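S.K.: My questions will all concern the structure given below.
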Amino acid sequence: MRVLVTEDDENVRVAVEVALRGAGFAVDTAADLPGADEALYVNSYDCAVFDRMLPSGDALRYVHHRRQGGLQVPVLFLTARDSEADRLDGLRFGGDDLLVKPFAMAELVARVRALCRRGPTGRPAVLRCADVELDSARQRVVRAGVLLTLTRKEQLVLERLMTTPGRPVARQELISHAWDEMADPASNVLDVVIAQLRRKLSDPPLIHTVRGIGYLIAG
């Protein structure tokens with residue numbers, strides 16, 4: 001799963017990034033709201049973590065505004081404010097969960113994992129294309145009733161393709177979804193994963209190359 005962490009305190013930001021990466025998440029970071037805005041525009045995330053009070057503004061107001069514009073990614077707020085009113089505001093204005101500072105990294109990881117399982121509002125619990133079903137919550141992929149054994153990267157690439165069946169997905173978007181901002185877009189990691197997926201999905205072929213763009217899945 002891919003997570004965006006927006007935190008202006010570098011020590012906290014790095015500590016959260018290290019904890020989430022250690023738990024198996026792909027992590028992008030931002031130090032302010034403009035950086036978060038750019039990341040959310042370019043990439044797809046399974047969860048976003050925001051320090052509430054940033055030098056560039058109140059993240060609660062920012063998330064509330066983005067929710068009105070259609071933002072669906074689950075949001076966890078980090079805050080030093082622990083009054084009942086502050087907690088209710090965090091949930092009322094677009095947050096899905098709230099963690100009061102100081103917090104244990106193990107608890108943050110557990111809460112992020114729970115929000116990633118929930119997924120964006122309106123996203124189907126099970127993705128389907130032709131005779132393939134992908135249940136990301138259960139980490140399960142089936143074709144024609146046969147359970148497939150996929151690596152995490154293979155499942156993430158397949159998941160992104162199945163989110164928009166019949167529509168091309170750019171190489172960079174697939175790389176961003178399955179890896180993170182540290183991945184080299186010029187490497188062949190995506191091509192290797194696509195080849196493995198095609199082999200495991202077998203015939204008839206479902207994943208097609210779109211020259212100059214990327215790949216699409218269609219039955």
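Chain labels A, B, ... are given in the sequence in which chains occur in the structure tokens; within each chain residues are numbered consecutively from 1, and ligands are likewise numbered from 1 in the order shown.
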So which residues touch Leu20 in chain A within 12 Å, counting only C-alpha atoms, skipping near sequence neighbours fewer than 3 positions away, as number ranges by chain?
M.R.: A: 1-5, 13-17, 23-29, 47-49, 105-113
S.K.: Identify, with DSSP run on backbone atoms, the residues in range 52-154 of chain A assigned to strand (DSSP E or B), and express the list as a compact mmCIF listing (two decimals) with N, CA, C and O atoms, in the first residue's frame.
M.R.:
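The resulting out16.txt:
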# COMPACT_ATOMS: atom_id res chain seq x y z
N MET A 53 -1.45 20.90 12.29
CA MET A 53 -1.01 22.29 12.23
C MET A 53 0.33 22.39 11.52
O MET A 53 1.35 21.93 12.03
N LEU A 54 0.30 22.96 10.33
CA LEU A 54 1.51 23.13 9.52
C LEU A 54 1.77 24.62 9.31
O LEU A 54 0.83 25.42 9.33
N GLY A 57 -0.52 26.13 6.89
CA GLY A 57 -1.95 26.17 7.14
C GLY A 57 -2.45 25.00 7.95
O GLY A 57 -1.70 24.10 8.34
N ASP A 58 -3.74 25.02 8.24
CA ASP A 58 -4.41 23.97 9.00
C ASP A 58 -4.77 22.84 8.05
O ASP A 58 -5.58 23.02 7.13
N VAL A 75 -7.83 9.52 5.53
CA VAL A 75 -6.89 10.49 6.13
C VAL A 75 -6.76 10.25 7.63
O VAL A 75 -7.76 10.12 8.34
N LEU A 76 -5.52 10.20 8.09
CA LEU A 76 -5.20 10.14 9.52
C LEU A 76 -4.54 11.45 9.91
O LEU A 76 -3.53 11.83 9.32
N PHE A 77 -5.13 12.15 10.89
CA PHE A 77 -4.53 13.39 11.38
C PHE A 77 -3.65 13.10 12.59
O PHE A 77 -4.02 12.32 13.48
N LEU A 78 -2.49 13.75 12.63
CA LEU A 78 -1.62 13.75 13.81
C LEU A 78 -1.76 15.12 14.45
O LEU A 78 -1.67 16.14 13.76
N THR A 79 -2.00 15.16 15.75
CA THR A 79 -2.24 16.45 16.39
C THR A 79 -1.80 16.45 17.84
O THR A 79 -1.81 15.40 18.50
N ASP A 97 -9.47 9.20 10.94
CA ASP A 97 -8.91 8.80 12.23
C ASP A 97 -8.02 9.91 12.72
O ASP A 97 -7.61 10.79 11.94
N LEU A 98 -7.70 9.87 14.01
CA LEU A 98 -6.89 10.93 14.62
C LEU A 98 -6.01 10.31 15.68
O LEU A 98 -6.46 9.48 16.47
N LEU A 99 -4.74 10.71 15.70
CA LEU A 99 -3.77 10.19 16.66
C LEU A 99 -3.11 11.37 17.36
O LEU A 99 -2.60 12.28 16.71
N VAL A 100 -3.17 11.36 18.70
CA VAL A 100 -2.65 12.48 19.49
C VAL A 100 -1.17 12.28 19.77
O VAL A 100 -0.73 11.19 20.15
N LEU A 127 -12.31 -6.16 -7.06
CA LEU A 127 -12.19 -5.70 -8.44
C LEU A 127 -12.36 -6.89 -9.37
O LEU A 127 -11.85 -7.99 -9.09
N ARG A 128 -13.04 -6.67 -10.50
CA ARG A 128 -13.28 -7.76 -11.46
C ARG A 128 -12.99 -7.29 -12.88
O ARG A 128 -13.32 -6.17 -13.25
N CYS A 129 -12.40 -8.17 -13.66
CA CYS A 129 -12.20 -7.95 -15.09
C CYS A 129 -12.19 -9.32 -15.75
O CYS A 129 -11.37 -10.17 -15.40
N VAL A 132 -11.23 -12.62 -13.87
CA VAL A 132 -10.27 -12.36 -12.79
C VAL A 132 -10.95 -11.57 -11.69
O VAL A 132 -11.65 -10.59 -11.96
N GLU A 133 -10.74 -11.98 -10.44
CA GLU A 133 -11.23 -11.25 -9.27
C GLU A 133 -10.04 -10.95 -8.36
O GLU A 133 -9.22 -11.83 -8.09
N LEU A 134 -9.98 -9.69 -7.90
CA LEU A 134 -8.90 -9.28 -7.01
C LEU A 134 -9.51 -8.69 -5.74
O LEU A 134 -10.22 -7.70 -5.79
N ASP A 135 -9.24 -9.33 -4.62
CA ASP A 135 -9.70 -8.87 -3.32
C ASP A 135 -8.47 -8.36 -2.57
O ASP A 135 -7.70 -9.15 -2.01
N ARG A 140 -5.94 -11.58 -2.23
CA ARG A 140 -6.36 -12.79 -2.93
C ARG A 140 -6.70 -12.46 -4.39
O ARG A 140 -7.48 -11.54 -4.65
N VAL A 141 -6.13 -13.20 -5.32
CA VAL A 141 -6.41 -13.03 -6.75
C VAL A 141 -6.81 -14.40 -7.31
O VAL A 141 -6.12 -15.39 -7.12
N VAL A 142 -7.95 -14.42 -8.02
CA VAL A 142 -8.48 -15.66 -8.58
C VAL A 142 -8.77 -15.45 -10.05
O VAL A 142 -9.31 -14.41 -10.45
N ARG A 143 -8.39 -16.45 -10.88
CA ARG A 143 -8.81 -16.43 -12.29
C ARG A 143 -9.52 -17.73 -12.62
O ARG A 143 -8.97 -18.81 -12.42
N VAL A 146 -9.46 -20.31 -10.04
CA VAL A 146 -8.16 -20.81 -9.60
C VAL A 146 -7.41 -19.72 -8.85
O VAL A 146 -7.23 -18.61 -9.37
N LEU A 147 -6.97 -20.02 -7.63
CA LEU A 147 -6.24 -19.06 -6.81
C LEU A 147 -4.83 -18.90 -7.35
O LEU A 147 -4.11 -19.89 -7.56
N LEU A 148 -4.43 -17.64 -7.60
CA LEU A 148 -3.09 -17.35 -8.12
C LEU A 148 -2.16 -16.90 -7.00
O LEU A 148 -2.60 -16.23 -6.06
S.K.: If we count only C-alpha atoms and set the cut-off at 8 Å, which residues sit around Ile194 in chain A, ignoring sequence neighbours fewer than 2 positions away in its own chain? Please answer as a list of chain:residue names.
M.R.: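 The filter keeps A:Glu154, A:Val157, A:Leu190, A:Asp191, A:Val192, A:Gln196, A:Leu197, A:Arg198, A:Ile207.
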S.K.: Name all residues at most 7 Å from range 164-171 of chain A (count only C-alpha atoms; drop same-chain ones fewer than 3 positions away) and give them as a list in words.
M.R.: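 Contacts, with the query itself left out: Cys129, Leu161, Leu174, Ile175, Val210, Ile213, Gly214, Tyr215, Leu216, Ile217 and Ala218 of chain A.
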S.K.: In Å, rounded to a single decimal, give me how far CA of Gln72 in chain A is from CA of Pro55 in chain A.
M.R.: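 CA of Gln72 in chain A lies 24.4 Å from CA of Pro55 in chain A.
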S.K.: Leu156 in chain A: which residues within 9 Å, counting only C-alpha atoms, same-chain residues fewer than 2 positions away excluded, as a PyMOL selection string?
M.R.: chain A and resi 1+136+151-154+158-161+174+177-179
S.K.: Quick one: pick out all alpha helix (DSSP H) residues within range 82-147 of chain A from a backbone DSSP run and write them as an MDAnalysis selection string.
M.R.: chainID A and resid 84:92 105:118
S.K.: Calculated over only C-alpha atoms, which of the candidates A:Leu115, A:Val73, A:Val193, A:Val63 has the smallest distance to Gly94 in chain A?
M.R.: A:Val63
S.K.: Pick out the closest residue to Leu206 in chain A from this set: A:Asp32, A:Arg117, A:Ala130, A:Gln139. Count only C-alpha atoms.
M.R.: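 The closest residue to Leu206 in chain A is A:Ala130.
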S.K.: What is the distance between CA of Tyr62 in chain A and CA of Thr163 in chain A, in Å to one decimal?
M.R.: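 So the two atoms, CA of Tyr62 in chain A and CA of Thr163 in chain A, lie 26.5 Å apart.
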S.K.: For the atom pair CA of Ala30 in chain A and CA of Thr6 in chain A, what is the interatomic distance in Å to one decimal place?
M.R.: 4.6 Å
